[in-house]
Amino acid sequence: MEYKKLAIVGELGAGKTQLVSTLSEISPFETEVESTIDIGKQFTTVGIDYGRIRLDEQTALGLYGVPGQERYSFLWEMVSKSIWGLVILFKYAEHADMANLDHLLSFFEPGQRKTPCVIALSHIENAGAEQVEDLVEEIQTVLKAHQLVAPVIEVDNRAKDSAINLLYTLTAISQY
Amino acid sequence: MPEHRLKAVLYISDPVKAKGTGLMPRELPEIYQKSRRNNAANGISGLLSFTSNQYIQLIEGKVKDVDRLFDKIQADSRHTNVQVLAETNISKRYLEAHALKLVSSMPRYPAIRAFIRDHSEFVVKLSQSQQALLGIKRPSRRDSYAGTRLRLERWPDFKRIRQTPSVIEFCAHLASGVRSYDDMTRRMTPETRSITNRLLTLFDEMGILIVDTLDDKTPLVATQVNRDGFYQKMKMFLAKR
Ligand SMILES: Nc1nc2c(ncn2[C@@H]2O[C@H](COP(=O)(O)OP(=O)(O)OP(=O)(O)O)[C@@H](O)[C@H]2O)c(=O)[nH]1
Ligand SMILES: Cc1cc2nc3c(=O)[nH]c(=O)nc-3n(C[C@H](O)[C@H](O)[C@H](O)COP(=O)(O)O)c2cc1C
Ligand SMILES: [Mg+2]
């Protein structure tokens, strides 16, 4: 059995649960795997969302939605083993939490460990182009300090094609 | 009217390391957010960047406003070693209404290029690394990439280019190491090559493409392609969607 992990790390309400469930739904073997545990809202911030994409009989990609706040970093430990990819989810806000992104990148070190990494911005449909641009510059400033060249893309966690595009991007990066 | 005279100050400084877990100065978000509000209220426009462990800032506005602000900035204990690169009167503002824009790379901004072009006398006094921070040595856009080495400094802004599978593949390739244009395009059909050239020109215009000539000593990073079983299975899974 080959099993790898996709860590989806993001702040409160960024859409981790949504993305894990959208991706799990796409997997044709969904009925055969343990279904996503339906945890009540009060647990979402302390728990891990779990889903799985079965690639064939022997191979699966585990999906782990993990809270991004520093105080949950003990949860990051468990997904960092045999990690295949890292998605850092941001919910649109006037400012990105640069210190937290800095901390996350220092923990996961996707550049040094060659873990494919994508920064995904959600909830930006109502933001102006200039506001999004400013937010992207904040994020890029942190990426640059980590010498990480990673895509910053828009995502709609509710939409299958958007979730697939994210996986496609990670897969493309994973070749190198 | 002397009170309407404008000036600009361009300086670099070193953040004072507040010990944190990451690589960023802890105070940057606070400085940025506060300054954005302050500058909007005080008629100052500015660009701020944190690159290669240094702050670079351009501020402009009315002489007395800029002087007052720069006095405060110089006295600020959150950074040290403030070095003025240029301090000069200007006849027009280079930056738009922005109160303060944080930028991940100075050279990408047309305003800074225009400022340097108009006040190039200070450039000769700059060290190599200072020139690099400001992108002064950066070669300008070219008609042909033949004989060059290429690398993406950052992924493109996907508001400006469609995220098609081939664009994603191309970016992943160019972002992962220094590539020789000649090797990359040798086996391409004329059509693919012309698409490649158009993409490169676009990336160049966005200021995210690093172009070196082959006689530069930058070693080519031999990046192996790792299309292992897991990769193949992901590709098969994605192909079915
Ligand atoms: N517009 C928009 N809404 C989204 C997106 N992703 C999730 N949502 C909605 O945002 C809300 C929060 O999404 P969740 O998936 O619960 O977020 P979470 O990251 O799991 O939140 P916590 O577990 O509380 O940390 C839900 O109402 C989702 O339907 C998105 O990409 N765009
Ligand atoms: C690198 C750096 C850049 C700064 N840029 C600005 C700026 O553009 N505008 C500003 O008001 N303060 C800026 N500051 C902060 C000032 O030093 C000072 O703390 C601030 O203006 C005080 O504001 P106050 O008088 O409203 O308290 C900067 C500080 C640093 C370290
Ligand atoms: Mg959740």
# chains A, B, ... in the order shown; residues from 1 in each chain; ligands from 1
>>> interface_residues(of="chain A", to="chain B", cutoff="7 Å", atoms="only C-alpha atoms", output="list of chain:residue names")
A:Leu55, A:Met98, A:Ala99, A:Asp102, A:His103, A:Ser106, A:Glu137, A:Glu138, A:Gln140, A:Thr141, A:Val142, A:Ala145, A:His146, A:Val149, A:Ala150, A:Pro151, A:Ile153, A:Tyr168, A:Thr169, A:Thr171, A:Ala172, A:Ile173, A:Gln175, A:Tyr176
>>> residues_near_ligand(ligand="ligand 1", cutoff="10 Å", atoms="only C-alpha atoms and all ligand atoms", output="ChimeraX atom specification")
/A:8-22,39-49,65-69,89-92,120-126,154-159,162-163
>>> write_last_selection(atoms="N, CA and C atoms", output="compact mmCIF listing (two decimals), in the first residue's frame")
# COMPACT_ATOMS: atom_id res chain seq x y z
N ILE A 8 -3.70 20.27 4.04
CA ILE A 8 -4.42 21.50 3.69
C ILE A 8 -4.49 22.33 4.97
N VAL A 9 -3.66 23.34 5.01
CA VAL A 9 -3.53 24.11 6.23
C VAL A 9 -4.15 25.48 6.01
N GLY A 10 -4.96 25.92 6.95
CA GLY A 10 -5.57 27.23 6.76
C GLY A 10 -6.24 27.72 8.03
N GLU A 11 -6.45 29.01 8.04
CA GLU A 11 -7.02 29.64 9.23
C GLU A 11 -8.52 29.30 9.34
N LEU A 12 -9.11 29.78 10.40
CA LEU A 12 -10.52 29.55 10.69
C LEU A 12 -11.40 29.98 9.52
N GLY A 13 -12.22 29.05 9.05
CA GLY A 13 -13.18 29.39 8.01
C GLY A 13 -12.59 29.56 6.61
N ALA A 14 -11.34 29.17 6.42
CA ALA A 14 -10.71 29.33 5.11
C ALA A 14 -11.30 28.37 4.08
N GLY A 15 -11.88 27.28 4.57
CA GLY A 15 -12.52 26.33 3.65
C GLY A 15 -11.86 24.95 3.62
N LYS A 16 -11.15 24.59 4.68
CA LYS A 16 -10.47 23.29 4.74
C LYS A 16 -11.47 22.14 4.63
N THR A 17 -12.51 22.21 5.47
CA THR A 17 -13.51 21.14 5.48
C THR A 17 -14.16 21.02 4.10
N GLN A 18 -14.46 22.19 3.53
CA GLN A 18 -15.09 22.23 2.21
C GLN A 18 -14.20 21.61 1.14
N LEU A 19 -12.93 21.96 1.15
CA LEU A 19 -12.02 21.45 0.13
C LEU A 19 -11.82 19.94 0.27
N VAL A 20 -11.66 19.47 1.49
CA VAL A 20 -11.49 18.03 1.71
C VAL A 20 -12.73 17.29 1.22
N SER A 21 -13.90 17.84 1.49
CA SER A 21 -15.10 17.12 1.08
C SER A 21 -15.31 17.19 -0.43
N THR A 22 -14.98 18.32 -1.04
CA THR A 22 -15.09 18.40 -2.50
C THR A 22 -14.15 17.39 -3.16
N ILE A 39 -18.07 15.99 11.79
CA ILE A 39 -17.88 16.53 13.14
C ILE A 39 -18.63 17.84 13.29
N GLY A 40 -19.20 18.01 14.43
CA GLY A 40 -19.96 19.23 14.70
C GLY A 40 -19.07 20.45 14.65
N LYS A 41 -19.64 21.61 14.40
CA LYS A 41 -18.87 22.83 14.19
C LYS A 41 -17.94 23.15 15.35
N GLN A 42 -18.37 22.83 16.59
CA GLN A 42 -17.50 23.22 17.70
C GLN A 42 -16.19 22.43 17.72
N PHE A 43 -16.15 21.34 16.95
CA PHE A 43 -14.92 20.55 16.92
C PHE A 43 -14.01 20.92 15.75
N THR A 44 -14.58 21.66 14.79
CA THR A 44 -13.81 21.88 13.57
C THR A 44 -12.47 22.54 13.84
N THR A 45 -12.44 23.44 14.78
CA THR A 45 -11.19 24.16 15.00
C THR A 45 -10.17 23.34 15.77
N VAL A 46 -10.58 22.31 16.45
CA VAL A 46 -9.59 21.50 17.16
C VAL A 46 -9.29 20.19 16.46
N GLY A 47 -10.09 19.85 15.47
CA GLY A 47 -9.90 18.55 14.83
C GLY A 47 -9.23 18.64 13.49
N ILE A 48 -9.05 17.47 12.88
CA ILE A 48 -8.49 17.37 11.54
C ILE A 48 -9.59 16.87 10.63
N ASP A 49 -9.74 17.50 9.47
CA ASP A 49 -10.67 16.96 8.47
C ASP A 49 -9.94 15.85 7.76
N GLY A 65 -7.19 18.22 6.47
CA GLY A 65 -7.42 19.64 6.71
C GLY A 65 -7.00 19.97 8.13
N VAL A 66 -6.03 20.84 8.24
CA VAL A 66 -5.44 21.11 9.56
C VAL A 66 -5.50 22.60 9.87
N PRO A 67 -5.93 22.96 11.07
CA PRO A 67 -5.96 24.38 11.41
C PRO A 67 -4.57 25.01 11.35
N GLY A 68 -4.50 26.22 10.83
CA GLY A 68 -3.20 26.84 10.59
C GLY A 68 -2.67 27.67 11.74
N GLN A 69 -3.50 27.91 12.74
CA GLN A 69 -3.04 28.76 13.82
C GLN A 69 -1.91 28.08 14.58
N LEU A 89 -4.18 27.55 2.67
CA LEU A 89 -5.43 28.22 2.31
C LEU A 89 -5.55 29.55 3.06
N PHE A 90 -5.87 30.59 2.30
CA PHE A 90 -6.14 31.89 2.89
C PHE A 90 -7.55 32.31 2.57
N LYS A 91 -8.24 32.81 3.54
CA LYS A 91 -9.54 33.41 3.26
C LYS A 91 -9.29 34.89 3.04
N TYR A 92 -9.93 35.47 2.02
CA TYR A 92 -9.68 36.88 1.72
C TYR A 92 -9.88 37.77 2.95
N ALA A 120 -3.40 29.10 -1.79
CA ALA A 120 -4.71 29.25 -2.42
C ALA A 120 -5.54 30.29 -1.67
N LEU A 121 -6.10 31.23 -2.44
CA LEU A 121 -6.91 32.28 -1.84
C LEU A 121 -8.39 31.99 -2.10
N SER A 122 -9.16 31.93 -1.03
CA SER A 122 -10.59 31.68 -1.18
C SER A 122 -11.39 32.92 -0.81
N HIS A 123 -12.67 32.90 -1.10
CA HIS A 123 -13.59 33.99 -0.75
C HIS A 123 -13.17 35.33 -1.36
N ILE A 124 -12.52 35.31 -2.53
CA ILE A 124 -12.07 36.60 -3.06
C ILE A 124 -13.02 37.17 -4.10
N GLU A 125 -14.15 36.48 -4.33
CA GLU A 125 -15.05 36.95 -5.40
C GLU A 125 -15.56 38.36 -5.16
N ASN A 126 -15.60 38.81 -3.92
CA ASN A 126 -16.11 40.16 -3.67
C ASN A 126 -15.03 41.21 -3.46
N GLU A 154 -6.20 31.51 -7.05
CA GLU A 154 -7.54 31.62 -6.50
C GLU A 154 -8.15 30.24 -6.44
N VAL A 155 -8.95 30.00 -5.44
CA VAL A 155 -9.63 28.72 -5.40
C VAL A 155 -11.08 28.94 -4.94
N ASP A 156 -11.99 28.15 -5.48
CA ASP A 156 -13.31 28.04 -4.90
C ASP A 156 -13.43 26.61 -4.40
N ASN A 157 -13.34 26.46 -3.10
CA ASN A 157 -13.29 25.12 -2.51
C ASN A 157 -14.56 24.32 -2.74
N ARG A 158 -15.61 25.02 -3.14
CA ARG A 158 -16.89 24.34 -3.35
C ARG A 158 -16.98 23.75 -4.75
N ALA A 159 -16.09 24.21 -5.65
CA ALA A 159 -16.20 23.82 -7.05
C ALA A 159 -15.21 22.72 -7.40
N SER A 162 -12.22 23.67 -9.67
CA SER A 162 -11.24 24.49 -8.97
C SER A 162 -10.36 23.62 -8.06
N ALA A 163 -10.97 22.67 -7.40
CA ALA A 163 -10.23 21.75 -6.53
C ALA A 163 -9.30 20.87 -7.36
>>> select_by_dssp(residues="region 124-232 of chain B", states="helix (DSSP H, G or I)", output="compact mmCIF listing (two decimals) with N, CA, C and O atoms, in the first residue's frame")
# COMPACT_ATOMS: atom_id res chain seq x y z
N VAL B 124 25.63 55.61 -9.48
CA VAL B 124 27.06 55.29 -9.51
C VAL B 124 27.63 55.05 -8.12
O VAL B 124 28.63 54.35 -7.96
N LYS B 125 26.96 55.61 -7.09
CA LYS B 125 27.49 55.47 -5.73
C LYS B 125 27.04 54.16 -5.06
O LYS B 125 27.46 53.83 -3.96
N GLN B 128 27.18 46.88 -5.71
CA GLN B 128 26.58 45.88 -6.59
C GLN B 128 25.27 45.34 -6.01
O GLN B 128 24.27 45.21 -6.72
N SER B 129 25.30 45.02 -4.70
CA SER B 129 24.11 44.39 -4.12
C SER B 129 22.96 45.39 -4.03
O SER B 129 21.80 45.03 -4.21
N GLN B 130 23.30 46.67 -3.79
CA GLN B 130 22.25 47.69 -3.77
C GLN B 130 21.62 47.86 -5.15
O GLN B 130 20.42 48.00 -5.30
N GLN B 131 22.50 47.79 -6.16
CA GLN B 131 21.98 47.90 -7.53
C GLN B 131 21.07 46.72 -7.85
O GLN B 131 20.05 46.87 -8.51
N ALA B 132 21.47 45.55 -7.35
CA ALA B 132 20.67 44.35 -7.62
C ALA B 132 19.28 44.48 -6.95
O ALA B 132 18.27 44.12 -7.54
N LEU B 133 19.26 44.99 -5.72
CA LEU B 133 17.98 45.17 -5.02
C LEU B 133 17.03 46.06 -5.81
O LEU B 133 15.82 45.86 -5.80
N PRO B 165 -3.57 24.04 -18.40
CA PRO B 165 -2.61 23.00 -18.05
C PRO B 165 -1.21 23.27 -18.61
O PRO B 165 -0.22 23.10 -17.90
N SER B 166 -1.12 23.73 -19.86
CA SER B 166 0.22 23.92 -20.41
C SER B 166 0.95 25.09 -19.75
O SER B 166 2.17 25.05 -19.58
N VAL B 167 0.21 26.12 -19.38
CA VAL B 167 0.84 27.24 -18.66
C VAL B 167 1.35 26.76 -17.30
O VAL B 167 2.46 27.09 -16.88
N ILE B 168 0.55 25.95 -16.62
CA ILE B 168 0.97 25.42 -15.31
C ILE B 168 2.22 24.55 -15.45
O ILE B 168 3.18 24.70 -14.70
N GLU B 169 2.21 23.67 -16.46
CA GLU B 169 3.39 22.80 -16.67
C GLU B 169 4.64 23.64 -16.95
O GLU B 169 5.71 23.37 -16.42
N PHE B 170 4.47 24.64 -17.80
CA PHE B 170 5.60 25.48 -18.18
C PHE B 170 6.15 26.24 -16.97
O PHE B 170 7.36 26.32 -16.76
N CYS B 171 5.25 26.79 -16.16
CA CYS B 171 5.67 27.52 -14.96
C CYS B 171 6.37 26.59 -13.98
O CYS B 171 7.40 26.95 -13.40
N ALA B 172 5.82 25.39 -13.80
CA ALA B 172 6.44 24.43 -12.86
C ALA B 172 7.87 24.13 -13.31
O ALA B 172 8.79 24.05 -12.50
N HIS B 173 8.04 23.98 -14.61
CA HIS B 173 9.36 23.69 -15.19
C HIS B 173 10.33 24.85 -14.95
O HIS B 173 11.44 24.66 -14.46
N LEU B 174 9.88 26.06 -15.26
CA LEU B 174 10.75 27.24 -15.18
C LEU B 174 10.99 27.71 -13.75
O LEU B 174 11.93 28.43 -13.48
N ALA B 175 10.08 27.34 -12.85
CA ALA B 175 10.23 27.79 -11.46
C ALA B 175 11.15 26.86 -10.68
O ALA B 175 11.63 27.21 -9.61
N TYR B 181 17.46 28.06 -22.63
CA TYR B 181 16.42 28.25 -23.65
C TYR B 181 16.65 27.32 -24.84
O TYR B 181 15.71 26.71 -25.35
N ASP B 182 17.91 27.20 -25.23
CA ASP B 182 18.21 26.39 -26.41
C ASP B 182 17.85 24.92 -26.18
O ASP B 182 17.24 24.28 -27.03
N ASP B 183 18.22 24.39 -24.98
CA ASP B 183 17.88 23.00 -24.68
C ASP B 183 16.37 22.80 -24.64
O ASP B 183 15.83 21.80 -25.11
N MET B 184 15.73 23.78 -24.02
CA MET B 184 14.29 23.66 -23.79
C MET B 184 13.50 23.64 -25.09
O MET B 184 12.51 22.95 -25.23
N THR B 185 13.99 24.40 -26.07
CA THR B 185 13.19 24.56 -27.29
C THR B 185 13.68 23.72 -28.46
O THR B 185 13.05 23.70 -29.51
N PRO B 190 7.63 24.47 -34.51
CA PRO B 190 7.60 25.94 -34.63
C PRO B 190 6.42 26.57 -33.86
O PRO B 190 6.58 27.62 -33.24
N GLU B 191 5.28 25.90 -33.87
CA GLU B 191 4.12 26.46 -33.16
C GLU B 191 4.37 26.51 -31.66
O GLU B 191 4.13 27.52 -31.01
N THR B 192 4.84 25.39 -31.12
CA THR B 192 5.09 25.35 -29.67
C THR B 192 6.15 26.38 -29.30
O THR B 192 6.04 27.06 -28.28
N ARG B 193 7.14 26.49 -30.15
CA ARG B 193 8.20 27.45 -29.87
C ARG B 193 7.65 28.88 -29.87
O ARG B 193 8.04 29.70 -29.03
N SER B 194 6.75 29.15 -30.77
CA SER B 194 6.24 30.52 -30.82
C SER B 194 5.34 30.80 -29.61
O SER B 194 5.34 31.90 -29.05
N ILE B 195 4.60 29.78 -29.13
CA ILE B 195 3.82 29.95 -27.90
C ILE B 195 4.76 30.17 -26.72
O ILE B 195 4.55 31.05 -25.87
N THR B 196 5.84 29.38 -26.70
CA THR B 196 6.83 29.52 -25.63
C THR B 196 7.40 30.94 -25.61
O THR B 196 7.50 31.56 -24.56
N ASN B 197 7.75 31.44 -26.78
CA ASN B 197 8.31 32.80 -26.87
C ASN B 197 7.32 33.84 -26.37
O ASN B 197 7.70 34.79 -25.68
N ARG B 198 6.06 33.63 -26.72
CA ARG B 198 5.06 34.61 -26.27
C ARG B 198 4.90 34.58 -24.75
O ARG B 198 4.79 35.62 -24.11
N LEU B 199 4.92 33.38 -24.18
CA LEU B 199 4.82 33.27 -22.72
C LEU B 199 6.02 33.93 -22.04
O LEU B 199 5.88 34.67 -21.07
N LEU B 200 7.21 33.68 -22.60
CA LEU B 200 8.42 34.25 -22.00
C LEU B 200 8.37 35.77 -22.05
O LEU B 200 8.72 36.44 -21.07
N THR B 201 7.92 36.31 -23.17
CA THR B 201 7.81 37.77 -23.29
C THR B 201 6.84 38.32 -22.26
O THR B 201 7.10 39.35 -21.62
N LEU B 202 5.74 37.61 -22.07
CA LEU B 202 4.75 38.04 -21.09
C LEU B 202 5.33 38.01 -19.67
O LEU B 202 5.18 38.96 -18.90
N PHE B 203 6.03 36.93 -19.34
CA PHE B 203 6.65 36.82 -18.01
C PHE B 203 7.68 37.93 -17.81
O PHE B 203 7.83 38.48 -16.74
N ASP B 204 8.40 38.23 -18.90
CA ASP B 204 9.40 39.28 -18.87
C ASP B 204 8.72 40.63 -18.57
O ASP B 204 9.19 41.41 -17.74
N GLU B 205 7.62 40.88 -19.23
CA GLU B 205 6.87 42.12 -19.00
C GLU B 205 6.36 42.20 -17.57
O GLU B 205 6.26 43.28 -17.00
N GLY B 229 5.91 6.28 -9.84
CA GLY B 229 4.60 5.63 -9.94
C GLY B 229 3.48 6.49 -9.39
O GLY B 229 2.40 6.57 -9.98
N PHE B 230 3.76 7.16 -8.30
CA PHE B 230 2.71 7.98 -7.68
C PHE B 230 2.30 9.11 -8.62
O PHE B 230 1.12 9.40 -8.78
N TYR B 231 3.31 9.72 -9.24
CA TYR B 231 3.03 10.79 -10.19
C TYR B 231 2.15 10.27 -11.34
O TYR B 231 1.15 10.90 -11.71
N GLN B 232 2.52 9.12 -11.88
CA GLN B 232 1.74 8.54 -13.00
C GLN B 232 0.30 8.29 -12.58
O GLN B 232 -0.63 8.54 -13.35
>>> closest_residue(among="B:Ile161, B:Ile90, B:Leu209, B:Ala97", to="Thr148 (chain B)", atoms="only C-alpha atoms")
B:Leu209
>>> residues_near_ligand(ligand="ligand 2", cutoff="9 Å", atoms="only C-alpha atoms and all ligand atoms", output="MDAnalysis selection string")
chainID B and resid 12:16 27:28 31:32 34:40 42 44:50 54:59 69:80 82 99:100
>>> select_by_dssp(residues="region 8-218 of chain B", states="strand (DSSP E)", output="compact mmCIF listing (two decimals) with N, CA, C and O atoms, in the first residue's frame")
# COMPACT_ATOMS: atom_id res chain seq x y z
N ALA B 8 11.53 63.34 -2.50
CA ALA B 8 11.49 61.89 -2.34
C ALA B 8 12.74 61.43 -1.61
O ALA B 8 13.80 62.04 -1.75
N VAL B 9 12.59 60.41 -0.80
CA VAL B 9 13.75 59.79 -0.16
C VAL B 9 13.69 58.29 -0.44
O VAL B 9 12.64 57.65 -0.31
N LEU B 10 14.82 57.78 -0.86
CA LEU B 10 14.96 56.33 -1.08
C LEU B 10 16.06 55.85 -0.15
O LEU B 10 17.16 56.40 -0.15
N TYR B 11 15.76 54.87 0.69
CA TYR B 11 16.78 54.40 1.63
C TYR B 11 16.69 52.89 1.80
O TYR B 11 15.68 52.26 1.44
N ILE B 12 17.75 52.32 2.35
CA ILE B 12 17.72 50.92 2.76
C ILE B 12 18.10 50.85 4.23
O ILE B 12 18.75 51.76 4.77
N SER B 13 17.68 49.79 4.90
CA SER B 13 18.04 49.63 6.31
C SER B 13 17.98 48.15 6.68
O SER B 13 17.49 47.33 5.89
N ASP B 14 18.49 47.84 7.85
CA ASP B 14 18.46 46.46 8.33
C ASP B 14 17.44 46.34 9.45
O ASP B 14 17.51 47.10 10.42
N PRO B 15 16.53 45.38 9.33
CA PRO B 15 15.59 45.18 10.44
C PRO B 15 16.36 44.75 11.68
O PRO B 15 17.36 44.05 11.58
N SER B 45 3.13 59.21 -0.14
CA SER B 45 3.00 57.94 -0.85
C SER B 45 4.32 57.20 -0.72
O SER B 45 5.38 57.82 -0.66
N GLY B 46 4.22 55.90 -0.68
CA GLY B 46 5.45 55.14 -0.45
C GLY B 46 5.39 53.73 -0.96
O GLY B 46 4.32 53.17 -1.19
N LEU B 47 6.58 53.18 -1.17
CA LEU B 47 6.75 51.77 -1.51
C LEU B 47 7.67 51.20 -0.45
O LEU B 47 8.66 51.83 -0.10
N LEU B 48 7.33 50.03 0.04
CA LEU B 48 8.18 49.39 1.03
C LEU B 48 8.40 47.96 0.60
O LEU B 48 7.48 47.29 0.14
N SER B 49 9.63 47.51 0.75
CA SER B 49 9.91 46.13 0.39
C SER B 49 10.87 45.52 1.40
O SER B 49 11.73 46.21 1.95
N PHE B 50 10.68 44.25 1.68
CA PHE B 50 11.64 43.50 2.50
C PHE B 50 12.21 42.41 1.62
O PHE B 50 11.53 41.47 1.24
N THR B 51 13.46 42.60 1.22
CA THR B 51 14.12 41.66 0.31
C THR B 51 15.55 41.46 0.76
O THR B 51 16.20 42.42 1.17
N GLN B 54 16.70 43.03 3.94
CA GLN B 54 16.80 44.47 4.13
C GLN B 54 15.47 45.13 3.79
O GLN B 54 14.71 44.63 2.97
N TYR B 55 15.23 46.23 4.45
CA TYR B 55 14.12 47.07 4.02
C TYR B 55 14.61 48.02 2.94
O TYR B 55 15.74 48.50 3.01
N ILE B 56 13.76 48.26 1.96
CA ILE B 56 14.01 49.34 1.01
C ILE B 56 12.73 50.14 0.98
O ILE B 56 11.64 49.56 0.89
N GLN B 57 12.84 51.42 1.08
CA GLN B 57 11.63 52.23 1.04
C GLN B 57 11.84 53.49 0.21
O GLN B 57 12.90 54.11 0.25
N LEU B 58 10.80 53.81 -0.53
CA LEU B 58 10.73 55.09 -1.23
C LEU B 58 9.56 55.84 -0.64
O LEU B 58 8.45 55.30 -0.57
N ILE B 59 9.79 57.06 -0.16
CA ILE B 59 8.67 57.88 0.30
C ILE B 59 8.70 59.20 -0.45
O ILE B 59 9.78 59.72 -0.78
N GLU B 60 7.53 59.72 -0.74
CA GLU B 60 7.48 61.00 -1.42
C GLU B 60 6.27 61.79 -0.94
O GLU B 60 5.29 61.23 -0.46
N GLY B 61 6.39 63.11 -1.07
CA GLY B 61 5.32 63.98 -0.62
C GLY B 61 5.85 65.39 -0.51
O GLY B 61 6.94 65.70 -1.03
N LYS B 62 5.11 66.26 0.16
CA LYS B 62 5.58 67.62 0.36
C LYS B 62 6.83 67.61 1.23
O LYS B 62 6.95 66.78 2.14
N HIS B 79 14.59 49.24 13.22
CA HIS B 79 15.60 48.97 12.19
C HIS B 79 16.84 49.80 12.49
O HIS B 79 16.82 50.69 13.32
N THR B 80 17.95 49.47 11.84
CA THR B 80 19.17 50.22 12.06
C THR B 80 19.91 50.38 10.74
O THR B 80 19.48 49.84 9.72
N ASN B 81 21.03 51.08 10.79
CA ASN B 81 21.87 51.19 9.61
C ASN B 81 21.11 51.78 8.42
O ASN B 81 21.21 51.29 7.30
N VAL B 82 20.36 52.83 8.70
CA VAL B 82 19.59 53.47 7.64
C VAL B 82 20.53 54.20 6.69
O VAL B 82 21.29 55.08 7.11
N GLN B 83 20.55 53.79 5.43
CA GLN B 83 21.42 54.44 4.45
C GLN B 83 20.58 55.08 3.36
O GLN B 83 19.83 54.40 2.67
N VAL B 84 20.76 56.39 3.22
CA VAL B 84 20.02 57.11 2.19
C VAL B 84 20.67 56.84 0.84
O VAL B 84 21.87 57.07 0.66
N LEU B 85 19.90 56.34 -0.10
CA LEU B 85 20.43 56.12 -1.45
C LEU B 85 20.18 57.34 -2.32
O LEU B 85 21.00 57.70 -3.16
N ALA B 86 19.03 57.97 -2.13
CA ALA B 86 18.73 59.17 -2.89
C ALA B 86 17.80 60.04 -2.07
O ALA B 86 16.87 59.55 -1.44
N GLU B 87 18.09 61.33 -2.05
CA GLU B 87 17.22 62.28 -1.38
C GLU B 87 17.16 63.47 -2.31
O GLU B 87 18.17 64.11 -2.55
N THR B 88 16.01 63.74 -2.86
CA THR B 88 15.99 64.69 -3.97
C THR B 88 14.63 65.37 -4.12
O THR B 88 13.60 64.80 -3.75
N ASN B 89 14.67 66.59 -4.63
CA ASN B 89 13.41 67.25 -4.97
C ASN B 89 12.85 66.61 -6.22
O ASN B 89 13.60 66.19 -7.10
N ILE B 90 11.56 66.55 -6.29
CA ILE B 90 10.92 65.97 -7.48
C ILE B 90 9.85 66.93 -7.98
O ILE B 90 9.28 67.70 -7.20
N LYS B 101 2.53 50.97 -0.30
CA LYS B 101 2.36 49.69 -0.97
C LYS B 101 3.52 48.82 -0.57
O LYS B 101 4.67 49.22 -0.67
N LEU B 102 3.19 47.63 -0.08
CA LEU B 102 4.23 46.66 0.20
C LEU B 102 4.46 45.88 -1.08
O LEU B 102 3.51 45.40 -1.69
N THR B 148 20.18 32.08 -23.95
CA THR B 148 20.01 32.56 -22.56
C THR B 148 19.66 31.42 -21.62
O THR B 148 19.26 30.34 -22.04
N ARG B 149 19.82 31.73 -20.32
CA ARG B 149 19.36 30.84 -19.25
C ARG B 149 18.21 31.53 -18.57
O ARG B 149 18.27 32.73 -18.30
N LEU B 150 17.20 30.76 -18.27
CA LEU B 150 15.96 31.35 -17.78
C LEU B 150 15.51 30.73 -16.47
O LEU B 150 15.70 29.54 -16.23
N ARG B 151 14.89 31.54 -15.65
CA ARG B 151 14.27 31.02 -14.44
C ARG B 151 13.13 31.94 -14.05
O ARG B 151 13.20 33.15 -14.26
N LEU B 152 12.09 31.37 -13.49
CA LEU B 152 10.98 32.20 -12.98
C LEU B 152 11.30 32.58 -11.55
O LEU B 152 11.59 31.73 -10.72
N ARG B 179 16.99 27.14 -16.58
CA ARG B 179 16.83 26.36 -17.81
C ARG B 179 17.54 27.04 -18.98
O ARG B 179 17.47 28.25 -19.11
N SER B 180 18.15 26.25 -19.81
CA SER B 180 18.73 26.80 -21.03
C SER B 180 17.63 26.88 -22.08
O SER B 180 16.94 25.89 -22.37
N LEU B 209 10.68 37.11 -14.83
CA LEU B 209 11.59 36.20 -15.52
C LEU B 209 13.02 36.67 -15.33
O LEU B 209 13.34 37.83 -15.57
N ILE B 210 13.88 35.77 -14.88
CA ILE B 210 15.30 36.11 -14.77
C ILE B 210 15.99 35.58 -16.01
O ILE B 210 15.90 34.39 -16.32
N VAL B 211 16.62 36.47 -16.72
CA VAL B 211 17.29 36.10 -17.97
C VAL B 211 18.78 36.35 -17.82
O VAL B 211 19.20 37.47 -17.59
N ASP B 212 19.57 35.30 -17.94
CA ASP B 212 21.03 35.46 -17.93
C ASP B 212 21.55 35.04 -19.29
O ASP B 212 20.98 34.18 -19.94
N THR B 213 22.66 35.64 -19.68
CA THR B 213 23.27 35.15 -20.91
C THR B 213 24.12 33.94 -20.58
O THR B 213 24.54 33.76 -19.44
>>> closest_residue(among="A:Glu109, A:Leu61, A:Glu77, A:Tyr50", to="ligand 3", atoms="only C-alpha atoms and all ligand atoms")
A:Tyr50
>>> closest_residue(among="A:Cys117, A:Phe108, A:Asp134, A:Ile26", to="Trp76 (chain A)", atoms="only C-alpha atoms")
A:Phe108
>>> residues_around(residues="Val79 (chain A)", least_positions_apart="6", cutoff="9 Å", atoms="only C-alpha atoms", output="compact mmCIF listing (two decimals) with N, CA, C and O atoms, in the first residue's frame")
# COMPACT_ATOMS: atom_id res chain seq x y z
N LYS A 5 0.30 11.91 1.85
CA LYS A 5 -0.61 12.88 2.47
C LYS A 5 -0.58 14.24 1.79
O LYS A 5 0.49 14.74 1.43
N LEU A 6 -1.76 14.78 1.63
CA LEU A 6 -1.87 16.17 1.21
C LEU A 6 -2.34 16.96 2.42
O LEU A 6 -3.43 16.72 2.95
N ALA A 7 -1.51 17.88 2.87
CA ALA A 7 -1.87 18.71 4.02
C ALA A 7 -2.53 19.99 3.52
O ALA A 7 -2.00 20.67 2.64
N TYR A 64 -5.81 15.90 4.46
CA TYR A 64 -5.85 16.31 5.86
C TYR A 64 -6.04 17.82 5.97
O TYR A 64 -5.16 18.58 5.58
N VAL A 66 -6.03 20.84 8.24
CA VAL A 66 -5.44 21.11 9.56
C VAL A 66 -5.50 22.60 9.87
O VAL A 66 -5.16 23.42 9.01
